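J.: Mind looking over this structure? Questions follow.
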Amino acid sequence: MRKLSKISQAMLLGGLVALSGCSKQPQSSSETVAEQAPSNAAVELINIAPSRLNIYTDFELSTDLTHLSGNQKKMLAKLIDASKIMDELFWQQAFGADRAEFLNSLSDEKVRHFANINYGPWDRLNGDQLFLSGFEAKSAGAQFYPADMSKEELENSDLADKTGLYSVIKRDAEGKLYSVAYSKEYATELQAAAKLLREASELAEDKEFANYLSMRADALLSDDYQASDFAWMDMKNNPIDVVIGPIETYEDQLFGYRAAFESYVLVKDMAWSERLAKFAQFLPELQKGLPVADEYKQEVPGSDADLNAYDVIYYAGHSNAGSKTIAINLPNDEQVQLEKGTRRLQLKNAMRAKFDKILMPIAADLIVPDQRKHITFDAFFANTMFHEVAHGLGIKNTINDKGTVRQSLQEHASALEEGKADILGLYMVEQLLKKGEITEGTLEDYYVTFMAGIFRSVRFGASSAHGKANMIRFNFFKQEGAFSKDDNGLYRVNMDKMGAAMAKLSNLILTLQGNGDYQKVDQLVASMGDIKPELAADLEKLSQANIPVDVDFTQGKKVLGLE
């Protein structure tokens, strides 16, 4: 694999990890990763207690493959191999140091495993806190930009590709910025991945899936993903799926422009998918009823969207870093969304793991006893599902000619979009319950499960887009009295005030997006996007109770019996 930078030999020879609690602080972020490495020092655990290495609980990713043909199983193996390449590419984008050398330099197994989960020396579920000595604070732009580049420098440059999804920004010998397309920067790796996708395409029994794999292979080498996104939307009957390539822009916390490599390999749950099929048709109607002025809901969601449930059998790259995604809403291309809608993929086995191992223990510690009965897997599944559906609601382009919402809100666009999806997902549940289209459970089930879900999600920290969205929502709900705490420190949902707060926050987010108001969004994130001391104390209770923060997957061809 291509190496972006190399950790010094001195670091490798001195790589004994001392489990100490020292508080050595990171240096200023003006050097490259290669320059960060200590010359004659052992790598030490810093800024976190050794107990934090245990915040992930293991879960094996598997599913029943007996209904698949021999060729389909061979295809899965090739898709997993292609996904491993995406994993290596994301490591380069996130950290840059040679993976094997870096991990081999860490002699303590727990530290090495924690670093591997986090794709580097920064704790993704604790605001990207540095946890190994000898490295700097994580650059907001990861490896997408020069470490010493400011936002203003790029904005004031004459680069034509400032906002490109699929390019890396570099400096030439004279210090001038220039861009390199992913297809060139990662040519060797992407050619290998494209070859595997084409081989998988030849094994595919579903013609539309075969076409998608072939087009996705082409896209990896051309940086033009739109045609393959349209092809992906046209698939309806394939029992196997793969989401692969540079997709989400969360890793670019400087601008939110550059996409990171990732992959999911999926096996469709046909029975569950059939249960979900009817809900996408309500999007246009629900769009009209959004609690916001008409100009902020003038776009018509695509009606060709679909909902399906899957067992995920492999995560790679961005999707596998830190907290694990349990539902997907794609494509992100605004034109595809407006013309075709999106596909919403619910990752049922991963969702069940988080519900059983994390959400229920949290509820037992933080929710009042008489409301715990309202926390159900059906409500958790629905809240998660409608979060993804709700990405299709609202507005993609500003109402005042500022371009797309994503471009106008820059690094805050993802956080606000995730906040929108959370709150509008709950709005959808409420509306569909009233219409009688959802027949499982009561509104209280969905509200209380939603509240418990906030505690699960805020433990991911406030550095990610999802983390900021969770904190804004928690602090807003507190301000509006949507919940209260009793003398024992347990939370109770106020049903009436929860509904009012949901509508008020929906209006606020949709208005900010439609106006493309960067300054007001920046103020909202600054005032409400962090973890306040009272909540921090509650989260510490969960840590003391040894409740996991997230899951770590045992996965691969051996687990699935495909070797």
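Identifiers in this document derive from the order of the structure tokens: chains are assigned A, B, ..., residues are numbered from 1 separately in each chain, and ligands are numbered from 1 in order of occurrence.
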Where in segment 180-276 of chain A does DSSP assign alpha helix (DSSP H), given as a PyMOL selection string?
T.: chain A and resi 182-185+187-203+207-222+226-233+270-276
J.: Compile a residue-level contact table for segment 91-207 of chain A against segment 50-65 of chain A at a cut-off of 10 Å, reporting for every qualifying residue the shortest atom pair and its distance in Å to one decimal, with only C-alpha atoms counted, rows ordered by chain and ascending number, as a Markdown table.
T.:
```
| residue | atom | partner | partner_atom | distance |
| --- | --- | --- | --- | --- |
| A:Lys110 | CA | A:Leu53 | CA | 6.5 |
| A:Val111 | CA | A:Leu53 | CA | 6.8 |
| A:Arg112 | CA | A:Leu53 | CA | 9.7 |
| A:His113 | CA | A:Leu53 | CA | 8.5 |
| A:Phe114 | CA | A:Leu53 | CA | 6.1 |
| A:Ala115 | CA | A:Leu53 | CA | 9.3 |
| A:Ile117 | CA | A:Tyr56 | CA | 9.1 |
| A:Asp123 | CA | A:Arg52 | CA | 9.7 |
| A:Leu125 | CA | A:Ile55 | CA | 9.5 |
```
J.: Please identify all polymer residues within 9 Å of segment 351-359 of chain A, counting only C-alpha atoms, omitting same-chain residues fewer than 6 positions from it, and present them as a list of chain:residue names.
T.: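 Contacts, with the query itself left out: A:Thr57, A:Phe59, A:Thr325, A:Ile326, A:Ala327, A:Ile375, A:Thr376, A:Phe377, A:Phe380, A:Phe381, A:Thr384, A:Thr449, A:Ala452, A:Gly453, A:Phe455, A:Arg456, A:Ile547, A:Pro548, A:Val549, A:Asp550, A:Val551.
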J.: Go through segment 152-271 of chain A residue by residue and, counting only C-alpha atoms, keep those with an atom at most 10 Å from segment 70-75 of chain A; for each kept residue give the shortest atom pair and its distance in Å to one decimal, ordered by chain and increasing number, as CSV.
T.:
```
residue,atom,partner,partner_atom,distance
A:Leu196,CA,A:Met75,CA,9.2
A:Leu197,CA,A:Met75,CA,8.9
A:Glu199,CA,A:Met75,CA,7.9
A:Ala200,CA,A:Met75,CA,4.9
A:Ser201,CA,A:Met75,CA,7.8
A:Glu202,CA,A:Met75,CA,8.6
A:Leu203,CA,A:Asn71,CA,5.6
A:Ala204,CA,A:Gln72,CA,6.5
A:Glu205,CA,A:Gln72,CA,7.5
A:Asp206,CA,A:Gln72,CA,10.0
A:Pro239,CA,A:Gln72,CA,9.4
A:Ile240,CA,A:Gln72,CA,8.1
```
J.: Which is closest to Met498 of chain A among A:Glu540, A:Glu430, A:Asp370, A:Asp252, if we use only C-alpha atoms?
T.: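 The answer is A:Glu430, which sits nearest to Met498 of chain A.
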J.: For atom CA of Leu213 of chain A and atom CA of Ser228 of chain A, determine how far apart the two atoms are, in Å to one decimal place.
T.: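 Atom CA of Leu213 of chain A sits 8.1 Å away from atom CA of Ser228 of chain A.
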J.: Env of segment 79-89 of chain A: 6 Å cut, atoms = only C-alpha atoms, seq-sep filter 6 positions within chain, self excluded. Answer as an MDAnalysis selection string.
T.: chainID A and resid 193 196 261:263 316:317
J.: Restrict the selected residues to N, CA and C atoms and save them as a tab-separated table (two decimals), in the first residue's frame.
T.:
```tsv
chain	number	residue	atom	x	y	z
A	193	ALA	N	-9.12	-2.41	-6.08
A	193	ALA	CA	-10.51	-2.50	-5.63
A	193	ALA	C	-11.46	-2.61	-6.81
A	196	LEU	N	-11.57	-6.12	-8.17
A	196	LEU	CA	-12.37	-7.01	-7.34
A	196	LEU	C	-13.86	-6.79	-7.57
A	261	PHE	N	-13.24	7.24	2.53
A	261	PHE	CA	-13.50	5.89	2.03
A	261	PHE	C	-14.11	5.02	3.13
A	262	GLU	N	-15.06	4.18	2.71
A	262	GLU	CA	-15.69	3.25	3.63
A	262	GLU	C	-16.38	2.15	2.84
A	263	SER	N	-16.90	1.16	3.56
A	263	SER	CA	-17.65	0.09	2.91
A	263	SER	C	-18.51	-0.65	3.93
A	316	ALA	N	-15.99	-1.33	7.02
A	316	ALA	CA	-14.62	-0.93	6.70
A	316	ALA	C	-14.51	0.58	6.59
A	317	GLY	N	-13.35	1.09	6.95
A	317	GLY	CA	-13.07	2.51	6.79
A	317	GLY	C	-13.87	3.38	7.73
```
J.: Mind checking DSSP for segment 204-391 of chain A and telling me the strand (DSSP E) residues as JSON, numbers by chain?
T.: {"A": [240, 241, 242, 243, 244, 245, 246, 261, 262, 263, 264, 265, 266, 267, 268, 269, 306, 307, 308, 309, 310, 311, 312, 313, 314, 315, 316, 317, 327, 328, 329, 330, 343, 344, 345, 346, 347]}
J.: Between A:Ala390, A:Ala382, A:Met235, A:Val405, which one has atoms that come closest to Thr439 of chain A, using only C-alpha atoms?
T.: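 Nearest to Thr439 of chain A: A:Ala382.
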J.: If we count only C-alpha atoms, what is near Tyr446 of chain A at a cut-off of 8 Å, once residues fewer than 3 positions away on the same chain are taken out, given as a PDB file with C-alpha atoms, in the first residue's frame?
T.:
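Listing of result_33.pdb after writing:
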```pdb
ATOM      1  CA  HIS A 374     -41.785   2.086  27.144  1.00  0.00           C
ATOM      2  CA  ILE A 375     -38.275   1.326  25.877  1.00  0.00           C
ATOM      3  CA  ALA A 379     -39.426   1.809  18.927  1.00  0.00           C
ATOM      4  CA  PHE A 380     -35.623   1.878  18.736  1.00  0.00           C
ATOM      5  CA  ASN A 383     -36.688   5.863  15.526  1.00  0.00           C
ATOM      6  CA  LEU A 426     -39.549  11.611  15.560  1.00  0.00           C
ATOM      7  CA  VAL A 429     -43.314   8.659  13.844  1.00  0.00           C
ATOM      8  CA  GLY A 441     -46.623   0.663  20.399  1.00  0.00           C
ATOM      9  CA  THR A 442     -47.631   4.078  21.688  1.00  0.00           C
ATOM     10  CA  LEU A 443     -46.228   7.578  21.239  1.00  0.00           C
ATOM     11  CA  THR A 449     -36.935   5.262  23.729  1.00  0.00           C
ATOM     12  CA  PHE A 450     -35.794   8.392  21.880  1.00  0.00           C
TER      13      PHE A 450
END
```
J.: Please provide as a list in words all residues within 10 Å of Lys557 of chain A, with the sequence filter that same-chain residues fewer than 2 positions apart are discarded (counting only C-alpha atoms).
T.: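 Answer for this query is Ser62, Lys73, Leu76, Ala77, Lys78, Ile80, Asp81, Ile313, Tyr314, Gln555, Val559, Leu560, Gly561, Leu562 and Glu563 of chain A.
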J.: For the residues in the current selection, export C-alpha atoms as a short mmCIF file (atom, residue, chain, number, x, y, z; two decimals), in the first residue's frame.
T.:
```cif
data_model
loop_
_atom_site.label_atom_id
_atom_site.label_comp_id
_atom_site.auth_asym_id
_atom_site.auth_seq_id
_atom_site.Cartn_x
_atom_site.Cartn_y
_atom_site.Cartn_z
CA SER A 62 -22.63 -13.02 11.07
CA LYS A 73 -20.79 -16.66 -1.49
CA LEU A 76 -19.28 -11.87 -0.85
CA ALA A 77 -15.65 -12.87 -0.37
CA LYS A 78 -14.55 -10.53 -3.16
CA ILE A 80 -14.99 -8.17 1.62
CA ASP A 81 -11.56 -8.07 -0.03
CA ILE A 313 -21.44 -8.73 7.65
CA TYR A 314 -18.51 -6.34 7.14
CA GLN A 555 -15.87 -9.93 11.31
CA VAL A 559 -16.29 -15.68 10.77
CA LEU A 560 -18.69 -16.28 7.88
CA GLY A 561 -17.15 -19.58 6.80
CA LEU A 562 -16.11 -18.12 3.44
CA GLU A 563 -12.43 -19.03 3.60
#
```
J.: Residues at most 8 Å from segment 173-183 of chain A, counting only C-alpha atoms, excluding those fewer than 2 positions away in the same chain, as a PyMOL selection string?
T.: chain A and resi 154+157+159+161+166-171+185-187+190+220-223
J.: Using only C-alpha atoms for the distances, tell me which of A:Glu274, A:Asp108, A:Asp311, A:Asp422 is nearest to Ser506 of chain A.
T.: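 Once distances to Ser506 of chain A are computed over only C-alpha atoms, the minimum belongs to A:Asp422.
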J.: Distance atom CA of Ala501 of chain A-atom CA of Glu480 of chain A, one decimal place?
T.: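 Computing the Euclidean distance for atom CA of Ala501 of chain A and atom CA of Glu480 of chain A yields 6.0 Å.
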